[in-house]
Amino acid sequence: MKRIYFDYAATSPLDARVLAAMQPYLTEAYGNPSSLHHFGQTARRAVMCAREQAAALIGAAPDELFFTSGGTESDNWALCGIAAERRAAGCGAHIVISAIEHAAVRETCRYLETLGFSITSVPVDYEGMVDPDDIEAALGTDTALVSVMTANNEVGTIQPIAEIGARLHARGIPFHTDAVQAAGHIPLDVNALQVDALSFSAHKFCGPKGIGALYLRRGTKCAPLLHGGAQERDYRAGTENVAAIVGCGRAAEIALAEMDAEERRIRSEADFLRSRLSAIDGIVFHGAQKHCLAGILNFGTQALAQDSLLIRLDLMGFAVSAGSACSAGAAHPSHVLCAMHLSEEEARRAIRVSIGRFTEHADVEEFADTMTQIASER
Ligand code: PLP
């Protein structure tokens with residue numbers, strides 16, 4: 001049976017060009033970048049090149065980028081590291097986040113609460129949009145840090161990061177954004193966005209899993225998360241995962257070069273799918289119409305229960321999701337959809353279809369036909 005992958009927001013397939021770039025570093029070029037001999041220096045040069053490629057994706061300088069094991073580590077590091085430095089400097093112990101953050105941010109904040117930090121979670125509107133006025137209203141004299149995701153992983157809503165960044169910069173409050181879903185898909189420039197820290201992860205843009213980066217604006221104080229060797233300029237200890245770093249760099253390079261064309265193609269496929277699905281009785285789309293990632297469609301219908309629909313689609317060869325991969329199978333409804341004022345019942349009916357680089361038009365057509373067929377059986 002042909003299987004069609006519609007879960008790009010969970011993870012994306014590795015691009016063959018990325019694999020080709022990584023391969024030498026999994027075989028003959030196995031040196032440790034810290035070694036002074038030829039093997040080490042070959043690996044070191046590869047890491048430097050990848051750092052330039054990855055930094056270019058977000059308009060950063062290479063020395064502002066630190067490789068990590070992915071989005072989760074980058075988020076943990078930014079929040080814990082900046083919060084610790086700010087509290088130590090007497091700047092307070094209050095953190096502001098949005099109500100729709102990924103678990104990597106939410107759970108880190110829960111951990112920080114156990115260390116005495118207080119957290120304010122700012123609500124979103126029906127489209128999953130954060131209002132910069134609400135962020136500003138949540139600030140106190142003791143606010144150490146603000147973190148708002150660039151784009152949401154369940155509904156794709158893109159947040160007004162530059163506007164929030166401008167307001168926080170004016171007040172001198174550090175601003176972190178989780179750009180794990182946005183990076184590689186929409187243009188990002190850390191200076192235009194006025195962010196001090198930004199997380200991203202290569203597996204969301206056809207790079208390998210287990211590698212990502214944290215951008216830290218020069219001068220942003222962020223205590224290390226890992227202690228040990230002097231790798232990543234003393235900030236992130238541990239022998240570099242050279243092949244993965246090379247893959248991250250190459251994936252970033254491809255994503256940047258092909259972003260406009262890819263975005264246009266994916267948007268047109270998503271528009272086509274949305275218009276076909278709109279014919280289904282009682283279908284409701286969740287998320288922003290305008291400021292939204294091209295590849296994510298989140299919807300529910302009154303007639304179709306989420307679990308049985310997901311299983312049925314899987315049996316028919318379509319891999320879609322109930323929301324974030326981390327909450328799939330969870331007994332509770334999506335906190336994102338609930339924050340967007342959907343009822344628990346509506347949230348439990350929602351499914352996420354996410355398409356990407358290797359999605360073909362015929363796949364989208366087939367899915368639209370299948371959904372129409374399933375809906376007509378009710
Ligand atoms: N943040 C967001 C918005 C995500 O979508 C994800 C992954 O689903 C993460 C963080 C975690 O990234 P990683 O899987 O690289 O740890």
# chains A, B, ... in the order shown; residues from 1 in each chain; ligands from 1
call {"tool": "residues_around", "arguments": {"residues": "A:Asp63", "least_positions_apart": "6", "cutoff": "12 Å", "atoms": "only C-alpha atoms", "output": "list in words"}}
result
Val47, Met48, Cys49, Ala50, Arg51, Glu52, Gln53, Ala54, Ala55, Ala56, Ala213, Leu214, Tyr215, Leu216, Arg217, Arg218, Gly219, Glu232, Arg233 and Tyr235 of chain A
call {"tool": "closest_atom_pairs", "arguments": {"of": "chain A", "to": "ligand 1", "cutoff": "6 Å", "atoms": "only C-alpha atoms and all ligand atoms", "output": "CSV"}}
result
residue,atom,partner,partner_atom_place_in_ligand_line,distance
A:Ala10,CA,ligand 1,8 (O),5.4
A:Gly70,CA,ligand 1,15 (O),3.8
A:Gly71,CA,ligand 1,12 (O),3.4
A:Thr72,CA,ligand 1,16 (O),3.7
A:His102,CA,ligand 1,3 (C),5.0
A:Ala104,CA,ligand 1,10 (C),5.5
A:Asn152,CA,ligand 1,3 (C),5.9
A:Asn153,CA,ligand 1,5 (O),4.7
A:Asp178,CA,ligand 1,1 (N),5.8
A:Val180,CA,ligand 1,2 (C),4.8
A:Gln181,CA,ligand 1,3 (C),5.3
A:Ser201,CA,ligand 1,15 (O),4.7
call {"tool": "select_by_dssp", "arguments": {"residues": "stretch 123-350 of chain A", "states": "alpha helix (DSSP H)", "output": "PDB file with N, CA and C atoms, in the first residue's frame"}}
result
ATOM      1  N   PRO A 132       0.162  41.992  21.143  1.00  0.00           N
ATOM      2  CA  PRO A 132       1.309  42.633  21.812  1.00  0.00           C
ATOM      3  C   PRO A 132       0.903  43.499  22.996  1.00  0.00           C
ATOM      4  N   ASP A 133      -0.305  44.077  22.944  1.00  0.00           N
ATOM      5  CA  ASP A 133      -0.785  44.875  24.093  1.00  0.00           C
ATOM      6  C   ASP A 133      -0.922  43.992  25.333  1.00  0.00           C
ATOM      7  N   ASP A 134      -1.373  42.756  25.120  1.00  0.00           N
ATOM      8  CA  ASP A 134      -1.545  41.835  26.257  1.00  0.00           C
ATOM      9  C   ASP A 134      -0.188  41.439  26.843  1.00  0.00           C
ATOM     10  N   ILE A 135       0.803  41.294  25.965  1.00  0.00           N
ATOM     11  CA  ILE A 135       2.154  40.993  26.470  1.00  0.00           C
ATOM     12  C   ILE A 135       2.632  42.163  27.323  1.00  0.00           C
ATOM     13  N   GLU A 136       2.432  43.360  26.797  1.00  0.00           N
ATOM     14  CA  GLU A 136       2.898  44.546  27.518  1.00  0.00           C
ATOM     15  C   GLU A 136       2.176  44.685  28.863  1.00  0.00           C
ATOM     16  N   ALA A 137       0.885  44.380  28.850  1.00  0.00           N
ATOM     17  CA  ALA A 137       0.103  44.494  30.092  1.00  0.00           C
ATOM     18  C   ALA A 137       0.553  43.479  31.142  1.00  0.00           C
ATOM     19  N   ALA A 138       1.133  42.373  30.678  1.00  0.00           N
ATOM     20  CA  ALA A 138       1.555  41.319  31.621  1.00  0.00           C
ATOM     21  C   ALA A 138       2.911  41.629  32.259  1.00  0.00           C
ATOM     22  N   ILE A 161       5.913  38.871  16.172  1.00  0.00           N
ATOM     23  CA  ILE A 161       7.157  38.850  16.958  1.00  0.00           C
ATOM     24  C   ILE A 161       7.891  40.195  16.898  1.00  0.00           C
ATOM     25  N   ALA A 162       7.961  40.789  15.707  1.00  0.00           N
ATOM     26  CA  ALA A 162       8.705  42.058  15.583  1.00  0.00           C
ATOM     27  C   ALA A 162       8.069  43.143  16.456  1.00  0.00           C
ATOM     28  N   GLU A 163       6.746  43.144  16.495  1.00  0.00           N
ATOM     29  CA  GLU A 163       6.055  44.174  17.291  1.00  0.00           C
ATOM     30  C   GLU A 163       6.298  43.950  18.791  1.00  0.00           C
ATOM     31  N   ILE A 164       6.246  42.698  19.196  1.00  0.00           N
ATOM     32  CA  ILE A 164       6.511  42.387  20.608  1.00  0.00           C
ATOM     33  C   ILE A 164       7.975  42.706  20.917  1.00  0.00           C
ATOM     34  N   GLY A 165       8.860  42.332  19.986  1.00  0.00           N
ATOM     35  CA  GLY A 165      10.295  42.571  20.172  1.00  0.00           C
ATOM     36  C   GLY A 165      10.605  44.050  20.364  1.00  0.00           C
ATOM     37  N   ALA A 166       9.963  44.893  19.561  1.00  0.00           N
ATOM     38  CA  ALA A 166      10.221  46.338  19.653  1.00  0.00           C
ATOM     39  C   ALA A 166       9.839  46.850  21.041  1.00  0.00           C
ATOM     40  N   ARG A 167       8.695  46.384  21.540  1.00  0.00           N
ATOM     41  CA  ARG A 167       8.237  46.871  22.852  1.00  0.00           C
ATOM     42  C   ARG A 167       9.150  46.386  23.982  1.00  0.00           C
ATOM     43  N   LEU A 168       9.611  45.140  23.858  1.00  0.00           N
ATOM     44  CA  LEU A 168      10.458  44.600  24.925  1.00  0.00           C
ATOM     45  C   LEU A 168      11.841  45.237  24.893  1.00  0.00           C
ATOM     46  N   HIS A 169      12.329  45.481  23.669  1.00  0.00           N
ATOM     47  CA  HIS A 169      13.638  46.120  23.553  1.00  0.00           C
ATOM     48  C   HIS A 169      13.623  47.490  24.212  1.00  0.00           C
ATOM     49  N   ALA A 170      12.524  48.216  23.985  1.00  0.00           N
ATOM     50  CA  ALA A 170      12.406  49.564  24.558  1.00  0.00           C
ATOM     51  C   ALA A 170      12.484  49.498  26.089  1.00  0.00           C
ATOM     52  N   ARG A 171      12.071  48.370  26.664  1.00  0.00           N
ATOM     53  CA  ARG A 171      12.087  48.229  28.129  1.00  0.00           C
ATOM     54  C   ARG A 171      13.300  47.461  28.638  1.00  0.00           C
ATOM     55  N   VAL A 190      16.740  37.942  12.823  1.00  0.00           N
ATOM     56  CA  VAL A 190      16.743  38.210  14.267  1.00  0.00           C
ATOM     57  C   VAL A 190      16.812  39.701  14.578  1.00  0.00           C
ATOM     58  N   ASN A 191      17.397  40.473  13.666  1.00  0.00           N
ATOM     59  CA  ASN A 191      17.491  41.910  13.925  1.00  0.00           C
ATOM     60  C   ASN A 191      16.159  42.602  13.657  1.00  0.00           C
ATOM     61  N   ALA A 192      15.509  42.225  12.559  1.00  0.00           N
ATOM     62  CA  ALA A 192      14.193  42.809  12.276  1.00  0.00           C
ATOM     63  C   ALA A 192      13.190  42.384  13.358  1.00  0.00           C
ATOM     64  N   LEU A 193      13.328  41.174  13.850  1.00  0.00           N
ATOM     65  CA  LEU A 193      12.387  40.669  14.865  1.00  0.00           C
ATOM     66  C   LEU A 193      12.694  41.213  16.264  1.00  0.00           C
ATOM     67  N   GLN A 231      33.565  23.170  24.316  1.00  0.00           N
ATOM     68  CA  GLN A 231      32.938  23.252  22.993  1.00  0.00           C
ATOM     69  C   GLN A 231      31.952  24.425  22.918  1.00  0.00           C
ATOM     70  N   GLU A 232      31.617  24.799  21.698  1.00  0.00           N
ATOM     71  CA  GLU A 232      30.691  25.913  21.450  1.00  0.00           C
ATOM     72  C   GLU A 232      31.091  27.139  22.294  1.00  0.00           C
ATOM     73  N   ARG A 233      32.353  27.463  22.179  1.00  0.00           N
ATOM     74  CA  ARG A 233      32.924  28.635  22.870  1.00  0.00           C
ATOM     75  C   ARG A 233      32.574  28.658  24.365  1.00  0.00           C
ATOM     76  N   ASP A 234      32.709  27.491  24.988  1.00  0.00           N
ATOM     77  CA  ASP A 234      32.520  27.353  26.437  1.00  0.00           C
ATOM     78  C   ASP A 234      31.064  27.388  26.863  1.00  0.00           C
ATOM     79  N   VAL A 242      29.116  16.066  14.665  1.00  0.00           N
ATOM     80  CA  VAL A 242      29.568  16.750  13.444  1.00  0.00           C
ATOM     81  C   VAL A 242      28.661  16.459  12.245  1.00  0.00           C
ATOM     82  N   ALA A 243      28.333  15.194  12.026  1.00  0.00           N
ATOM     83  CA  ALA A 243      27.504  14.862  10.855  1.00  0.00           C
ATOM     84  C   ALA A 243      26.149  15.571  10.940  1.00  0.00           C
ATOM     85  N   ALA A 244      25.560  15.575  12.117  1.00  0.00           N
ATOM     86  CA  ALA A 244      24.255  16.227  12.277  1.00  0.00           C
ATOM     87  C   ALA A 244      24.383  17.742  12.094  1.00  0.00           C
ATOM     88  N   ILE A 245      25.463  18.308  12.600  1.00  0.00           N
ATOM     89  CA  ILE A 245      25.680  19.748  12.446  1.00  0.00           C
ATOM     90  C   ILE A 245      25.831  20.090  10.956  1.00  0.00           C
ATOM     91  N   VAL A 246      26.591  19.256  10.238  1.00  0.00           N
ATOM     92  CA  VAL A 246      26.748  19.471   8.793  1.00  0.00           C
ATOM     93  C   VAL A 246      25.373  19.372   8.109  1.00  0.00           C
ATOM     94  N   GLY A 247      24.569  18.405   8.546  1.00  0.00           N
ATOM     95  CA  GLY A 247      23.226  18.253   7.980  1.00  0.00           C
ATOM     96  C   GLY A 247      22.355  19.455   8.281  1.00  0.00           C
ATOM     97  N   CYS A 248      22.475  19.975   9.485  1.00  0.00           N
ATOM     98  CA  CYS A 248      21.698  21.159   9.878  1.00  0.00           C
ATOM     99  C   CYS A 248      22.082  22.345   8.986  1.00  0.00           C
ATOM    100  N   GLY A 249      23.380  22.501   8.768  1.00  0.00           N
ATOM    101  CA  GLY A 249      23.854  23.608   7.929  1.00  0.00           C
ATOM    102  C   GLY A 249      23.370  23.480   6.497  1.00  0.00           C
ATOM    103  N   ARG A 250      23.505  22.297   5.950  1.00  0.00           N
ATOM    104  CA  ARG A 250      23.098  22.088   4.548  1.00  0.00           C
ATOM    105  C   ARG A 250      21.581  22.233   4.404  1.00  0.00           C
ATOM    106  N   ALA A 251      20.836  21.708   5.380  1.00  0.00           N
ATOM    107  CA  ALA A 251      19.373  21.832   5.332  1.00  0.00           C
ATOM    108  C   ALA A 251      18.963  23.302   5.396  1.00  0.00           C
ATOM    109  N   ALA A 252      19.682  24.074   6.208  1.00  0.00           N
ATOM    110  CA  ALA A 252      19.388  25.507   6.322  1.00  0.00           C
ATOM    111  C   ALA A 252      19.688  26.212   4.995  1.00  0.00           C
ATOM    112  N   GLU A 253      20.802  25.820   4.387  1.00  0.00           N
ATOM    113  CA  GLU A 253      21.196  26.441   3.122  1.00  0.00           C
ATOM    114  C   GLU A 253      20.141  26.178   2.040  1.00  0.00           C
ATOM    115  N   ILE A 254      19.687  24.933   1.968  1.00  0.00           N
ATOM    116  CA  ILE A 254      18.677  24.575   0.951  1.00  0.00           C
ATOM    117  C   ILE A 254      17.363  25.301   1.256  1.00  0.00           C
ATOM    118  N   ALA A 255      16.963  25.290   2.529  1.00  0.00           N
ATOM    119  CA  ALA A 255      15.692  25.921   2.906  1.00  0.00           C
ATOM    120  C   ALA A 255      15.698  27.404   2.545  1.00  0.00           C
ATOM    121  N   LEU A 256      16.823  28.061   2.796  1.00  0.00           N
ATOM    122  CA  LEU A 256      16.913  29.494   2.508  1.00  0.00           C
ATOM    123  C   LEU A 256      16.846  29.747   1.003  1.00  0.00           C
ATOM    124  N   ALA A 257      17.593  28.947   0.240  1.00  0.00           N
ATOM    125  CA  ALA A 257      17.646  29.152  -1.214  1.00  0.00           C
ATOM    126  C   ALA A 257      16.294  28.868  -1.869  1.00  0.00           C
ATOM    127  N   GLU A 258      15.545  27.927  -1.313  1.00  0.00           N
ATOM    128  CA  GLU A 258      14.322  27.482  -1.995  1.00  0.00           C
ATOM    129  C   GLU A 258      13.049  27.955  -1.295  1.00  0.00           C
ATOM    130  N   MET A 259      13.215  28.792  -0.277  1.00  0.00           N
ATOM    131  CA  MET A 259      12.085  29.144   0.591  1.00  0.00           C
ATOM    132  C   MET A 259      10.903  29.765  -0.167  1.00  0.00           C
ATOM    133  N   ASP A 260      11.178  30.753  -0.997  1.00  0.00           N
ATOM    134  CA  ASP A 260      10.085  31.462  -1.668  1.00  0.00           C
ATOM    135  C   ASP A 260       9.284  30.519  -2.559  1.00  0.00           C
ATOM    136  N   ALA A 261      10.011  29.792  -3.409  1.00  0.00           N
ATOM    137  CA  ALA A 261       9.335  28.886  -4.355  1.00  0.00           C
ATOM    138  C   ALA A 261       8.589  27.793  -3.592  1.00  0.00           C
ATOM    139  N   GLU A 262       9.229  27.274  -2.562  1.00  0.00           N
ATOM    140  CA  GLU A 262       8.612  26.176  -1.806  1.00  0.00           C
ATOM    141  C   GLU A 262       7.354  26.667  -1.078  1.00  0.00           C
ATOM    142  N   GLU A 263       7.455  27.857  -0.504  1.00  0.00           N
ATOM    143  CA  GLU A 263       6.316  28.402   0.237  1.00  0.00           C
ATOM    144  C   GLU A 263       5.117  28.586  -0.700  1.00  0.00           C
ATOM    145  N   ARG A 264       5.409  29.112  -1.901  1.00  0.00           N
ATOM    146  CA  ARG A 264       4.335  29.342  -2.879  1.00  0.00           C
ATOM    147  C   ARG A 264       3.673  28.018  -3.278  1.00  0.00           C
ATOM    148  N   ARG A 265       4.497  27.016  -3.526  1.00  0.00           N
ATOM    149  CA  ARG A 265       3.961  25.725  -3.962  1.00  0.00           C
ATOM    150  C   ARG A 265       3.126  25.073  -2.849  1.00  0.00           C
ATOM    151  N   ILE A 266       3.675  25.108  -1.632  1.00  0.00           N
ATOM    152  CA  ILE A 266       2.963  24.480  -0.508  1.00  0.00           C
ATOM    153  C   ILE A 266       1.655  25.225  -0.229  1.00  0.00           C
ATOM    154  N   ARG A 267       1.725  26.562  -0.313  1.00  0.00           N
ATOM    155  CA  ARG A 267       0.502  27.336  -0.050  1.00  0.00           C
ATOM    156  C   ARG A 267      -0.573  27.001  -1.084  1.00  0.00           C
ATOM    157  N   SER A 268      -0.150  26.840  -2.326  1.00  0.00           N
ATOM    158  CA  SER A 268      -1.164  26.558  -3.340  1.00  0.00           C
ATOM    159  C   SER A 268      -1.767  25.156  -3.121  1.00  0.00           C
ATOM    160  N   GLU A 269      -0.946  24.199  -2.693  1.00  0.00           N
ATOM    161  CA  GLU A 269      -1.487  22.865  -2.375  1.00  0.00           C
ATOM    162  C   GLU A 269      -2.432  22.937  -1.175  1.00  0.00           C
ATOM    163  N   ALA A 270      -2.032  23.707  -0.165  1.00  0.00           N
ATOM    164  CA  ALA A 270      -2.865  23.821   1.039  1.00  0.00           C
ATOM    165  C   ALA A 270      -4.179  24.537   0.714  1.00  0.00           C
ATOM    166  N   ASP A 271      -4.110  25.557  -0.146  1.00  0.00           N
ATOM    167  CA  ASP A 271      -5.331  26.275  -0.547  1.00  0.00           C
ATOM    168  C   ASP A 271      -6.275  25.341  -1.289  1.00  0.00           C
ATOM    169  N   PHE A 272      -5.667  24.524  -2.158  1.00  0.00           N
ATOM    170  CA  PHE A 272      -6.466  23.556  -2.917  1.00  0.00           C
ATOM    171  C   PHE A 272      -7.168  22.591  -1.951  1.00  0.00           C
ATOM    172  N   LEU A 273      -6.395  22.091  -0.989  1.00  0.00           N
ATOM    173  CA  LEU A 273      -6.947  21.130  -0.031  1.00  0.00           C
ATOM    174  C   LEU A 273      -8.064  21.774   0.789  1.00  0.00           C
ATOM    175  N   ARG A 274      -7.805  22.984   1.237  1.00  0.00           N
ATOM    176  CA  ARG A 274      -8.791  23.681   2.058  1.00  0.00           C
ATOM    177  C   ARG A 274     -10.090  23.875   1.267  1.00  0.00           C
ATOM    178  N   SER A 275      -9.959  24.252  -0.019  1.00  0.00           N
ATOM    179  CA  SER A 275     -11.180  24.496  -0.783  1.00  0.00           C
ATOM    180  C   SER A 275     -11.932  23.184  -1.031  1.00  0.00           C
ATOM    181  N   ARG A 276     -11.203  22.086  -1.235  1.00  0.00           N
ATOM    182  CA  ARG A 276     -11.887  20.800  -1.411  1.00  0.00           C
ATOM    183  C   ARG A 276     -12.567  20.364  -0.098  1.00  0.00           C
ATOM    184  N   LEU A 277     -11.849  20.539   1.030  1.00  0.00           N
ATOM    185  CA  LEU A 277     -12.409  20.100   2.315  1.00  0.00           C
ATOM    186  C   LEU A 277     -13.588  20.974   2.751  1.00  0.00           C
ATOM    187  N   GLN A 306     -12.147  12.260  16.286  1.00  0.00           N
ATOM    188  CA  GLN A 306     -10.717  12.365  15.988  1.00  0.00           C
ATOM    189  C   GLN A 306     -10.013  10.999  15.931  1.00  0.00           C
ATOM    190  N   ASP A 307     -10.178  10.208  17.010  1.00  0.00           N
ATOM    191  CA  ASP A 307      -9.429   8.952  17.099  1.00  0.00           C
ATOM    192  C   ASP A 307      -9.767   8.000  15.971  1.00  0.00           C
ATOM    193  N   SER A 308     -11.082   7.826  15.759  1.00  0.00           N
ATOM    194  CA  SER A 308     -11.470   6.860  14.728  1.00  0.00           C
ATOM    195  C   SER A 308     -11.064   7.370  13.350  1.00  0.00           C
ATOM    196  N   LEU A 309     -11.101   8.686  13.161  1.00  0.00           N
ATOM    197  CA  LEU A 309     -10.699   9.241  11.864  1.00  0.00           C
ATOM    198  C   LEU A 309      -9.201   9.020  11.621  1.00  0.00           C
ATOM    199  N   LEU A 310      -8.409   9.272  12.667  1.00  0.00           N
ATOM    200  CA  LEU A 310      -6.953   9.095  12.519  1.00  0.00           C
ATOM    201  C   LEU A 310      -6.612   7.637  12.203  1.00  0.00           C
ATOM    202  N   ILE A 311      -7.273   6.729  12.904  1.00  0.00           N
ATOM    203  CA  ILE A 311      -6.996   5.300  12.681  1.00  0.00           C
ATOM    204  C   ILE A 311      -7.446   4.895  11.280  1.00  0.00           C
ATOM    205  N   ARG A 312      -8.631   5.342  10.917  1.00  0.00           N
ATOM    206  CA  ARG A 312      -9.155   5.012   9.583  1.00  0.00           C
ATOM    207  C   ARG A 312      -8.209   5.534   8.494  1.00  0.00           C
ATOM    208  N   LEU A 313      -7.776   6.800   8.645  1.00  0.00           N
ATOM    209  CA  LEU A 313      -6.877   7.383   7.640  1.00  0.00           C
ATOM    210  C   LEU A 313      -5.555   6.618   7.593  1.00  0.00           C
ATOM    211  N   ASP A 314      -5.066   6.228   8.763  1.00  0.00           N
ATOM    212  CA  ASP A 314      -3.799   5.481   8.805  1.00  0.00           C
ATOM    213  C   ASP A 314      -3.945   4.146   8.068  1.00  0.00           C
ATOM    214  N   LEU A 315      -5.070   3.494   8.304  1.00  0.00           N
ATOM    215  CA  LEU A 315      -5.304   2.207   7.630  1.00  0.00           C
ATOM    216  C   LEU A 315      -5.385   2.390   6.114  1.00  0.00           C
ATOM    217  N   HIS A 335      -4.114  21.965  24.482  1.00  0.00           N
ATOM    218  CA  HIS A 335      -4.136  23.228  25.238  1.00  0.00           C
ATOM    219  C   HIS A 335      -4.155  24.416  24.282  1.00  0.00           C
ATOM    220  N   VAL A 336      -3.653  24.201  23.065  1.00  0.00           N
ATOM    221  CA  VAL A 336      -3.631  25.290  22.071  1.00  0.00           C
ATOM    222  C   VAL A 336      -5.066  25.601  21.638  1.00  0.00           C
ATOM    223  N   LEU A 337      -5.797  24.559  21.258  1.00  0.00           N
ATOM    224  CA  LEU A 337      -7.163  24.778  20.781  1.00  0.00           C
ATOM    225  C   LEU A 337      -8.061  25.272  21.914  1.00  0.00           C
ATOM    226  N   CYS A 338      -7.825  24.772  23.129  1.00  0.00           N
ATOM    227  CA  CYS A 338      -8.623  25.262  24.263  1.00  0.00           C
ATOM    228  C   CYS A 338      -8.316  26.736  24.524  1.00  0.00           C
ATOM    229  N   ALA A 339      -7.033  27.110  24.385  1.00  0.00           N
ATOM    230  CA  ALA A 339      -6.674  28.522  24.579  1.00  0.00           C
ATOM    231  C   ALA A 339      -7.306  29.397  23.489  1.00  0.00           C
ATOM    232  N   GLU A 344     -13.962  21.857  24.720  1.00  0.00           N
ATOM    233  CA  GLU A 344     -13.178  20.613  24.816  1.00  0.00           C
ATOM    234  C   GLU A 344     -13.581  19.640  23.733  1.00  0.00           C
ATOM    235  N   GLU A 345     -14.888  19.606  23.466  1.00  0.00           N
ATOM    236  CA  GLU A 345     -15.404  18.672  22.467  1.00  0.00           C
ATOM    237  C   GLU A 345     -14.873  19.032  21.076  1.00  0.00           C
ATOM    238  N   GLU A 346     -14.900  20.320  20.765  1.00  0.00           N
ATOM    239  CA  GLU A 346     -14.381  20.755  19.451  1.00  0.00           C
ATOM    240  C   GLU A 346     -12.890  20.439  19.339  1.00  0.00           C
ATOM    241  N   ALA A 347     -12.169  20.688  20.438  1.00  0.00           N
ATOM    242  CA  ALA A 347     -10.720  20.440  20.423  1.00  0.00           C
ATOM    243  C   ALA A 347     -10.437  18.956  20.209  1.00  0.00           C
ATOM    244  N   ARG A 348     -11.288  18.124  20.748  1.00  0.00           N
ATOM    245  CA  ARG A 348     -11.083  16.679  20.609  1.00  0.00           C
ATOM    246  C   ARG A 348     -11.398  16.176  19.203  1.00  0.00           C
ATOM    247  N   ARG A 349     -12.097  16.991  18.420  1.00  0.00           N
ATOM    248  CA  ARG A 349     -12.422  16.564  17.058  1.00  0.00           C
ATOM    249  C   ARG A 349     -11.383  17.011  16.034  1.00  0.00           C
TER     250      ARG A 349
END
call {"tool": "select_by_dssp", "arguments": {"residues": "stretch 161-238 of chain A", "states": "strand (DSSP E or B)", "output": "PyMOL selection string"}}
result
chain A and resi 175-178+197-201+212-216
call {"tool": "residues_around", "arguments": {"residues": "A:His94", "least_positions_apart": "3", "cutoff": "8 Å", "atoms": "only C-alpha atoms", "output": "PyMOL selection string"}}
result
chain A and resi 117-120+140+142-145
call {"tool": "residues_around", "arguments": {"residues": "A:Thr301", "least_positions_apart": "6", "cutoff": "7 Å", "atoms": "only C-alpha atoms", "output": "MDAnalysis selection string"}}
result
chainID A and resid 282:284 349
call {"tool": "residues_around", "arguments": {"residues": "A:Asp15", "least_positions_apart": "3", "cutoff": "7 Å", "atoms": "only C-alpha atoms", "output": "list in words"}}
result
Val18, Leu19, Cys206 and Gly207 of chain A
call {"tool": "write_last_selection", "arguments": {"atoms": "C-alpha atoms", "output": "PDB file, in the first residue's frame"}}
result
ATOM      1  CA  VAL A  18      21.421  16.765   3.192  1.00  0.00           C
ATOM      2  CA  LEU A  19      22.217  13.086   3.598  1.00  0.00           C
ATOM      3  CA  CYS A 206      14.242  18.287   6.029  1.00  0.00           C
ATOM      4  CA  GLY A 207      17.400  18.083   8.105  1.00  0.00           C
TER       5      GLY A 207
END
call {"tool": "residues_around", "arguments": {"residues": "A:Thr220", "least_positions_apart": "3", "cutoff": "10 Å", "atoms": "only C-alpha atoms", "output": "list of chain:residue names"}}
result
A:Glu64, A:Ile82, A:Glu85, A:Pro174, A:Phe175, A:Asp196, A:Ala197, A:Tyr215, A:Leu216, A:Arg217, A:Ala223
call {"tool": "atom_distance", "arguments": {"atom1": "atom CA of A:Phe67", "atom2": "atom CA of A:Asn241"}}
result
9.0 Å
call {"tool": "decode", "arguments": {"residues": "stretch 89-100 of chain A", "atoms": "N, CA and C atoms", "output": "compact mmCIF listing (two decimals), in the first residue's frame"}}
result
# COMPACT_ATOMS: atom_id res chain seq x y z
N ALA A 89 21.18 38.89 38.58
CA ALA A 89 21.51 40.32 38.44
C ALA A 89 20.48 41.21 39.13
N GLY A 90 19.52 40.57 39.82
CA GLY A 90 18.52 41.34 40.57
C GLY A 90 17.43 41.92 39.68
N CYS A 91 17.23 41.32 38.50
CA CYS A 91 16.22 41.86 37.57
C CYS A 91 14.86 41.20 37.74
N GLY A 92 14.71 40.36 38.74
CA GLY A 92 13.40 39.76 38.98
C GLY A 92 13.33 38.30 38.59
N ALA A 93 12.17 37.70 38.91
CA ALA A 93 12.00 36.26 38.70
C ALA A 93 10.61 35.99 38.10
N HIS A 94 10.21 36.87 37.19
CA HIS A 94 8.89 36.72 36.56
C HIS A 94 9.09 36.49 35.07
N ILE A 95 8.38 35.49 34.55
CA ILE A 95 8.52 35.13 33.13
C ILE A 95 7.15 35.21 32.46
N VAL A 96 7.12 35.79 31.27
CA VAL A 96 5.86 35.90 30.52
C VAL A 96 5.96 35.01 29.28
N ILE A 97 4.96 34.16 29.09
CA ILE A 97 4.90 33.33 27.88
C ILE A 97 3.48 33.43 27.30
N SER A 98 3.27 32.87 26.11
CA SER A 98 1.92 32.83 25.57
C SER A 98 1.26 31.52 26.01
N ALA A 99 -0.05 31.48 25.89
CA ALA A 99 -0.81 30.31 26.34
C ALA A 99 -0.69 29.13 25.39
N ILE A 100 -0.05 29.34 24.23
CA ILE A 100 -0.04 28.26 23.22
C ILE A 100 1.37 27.74 22.96
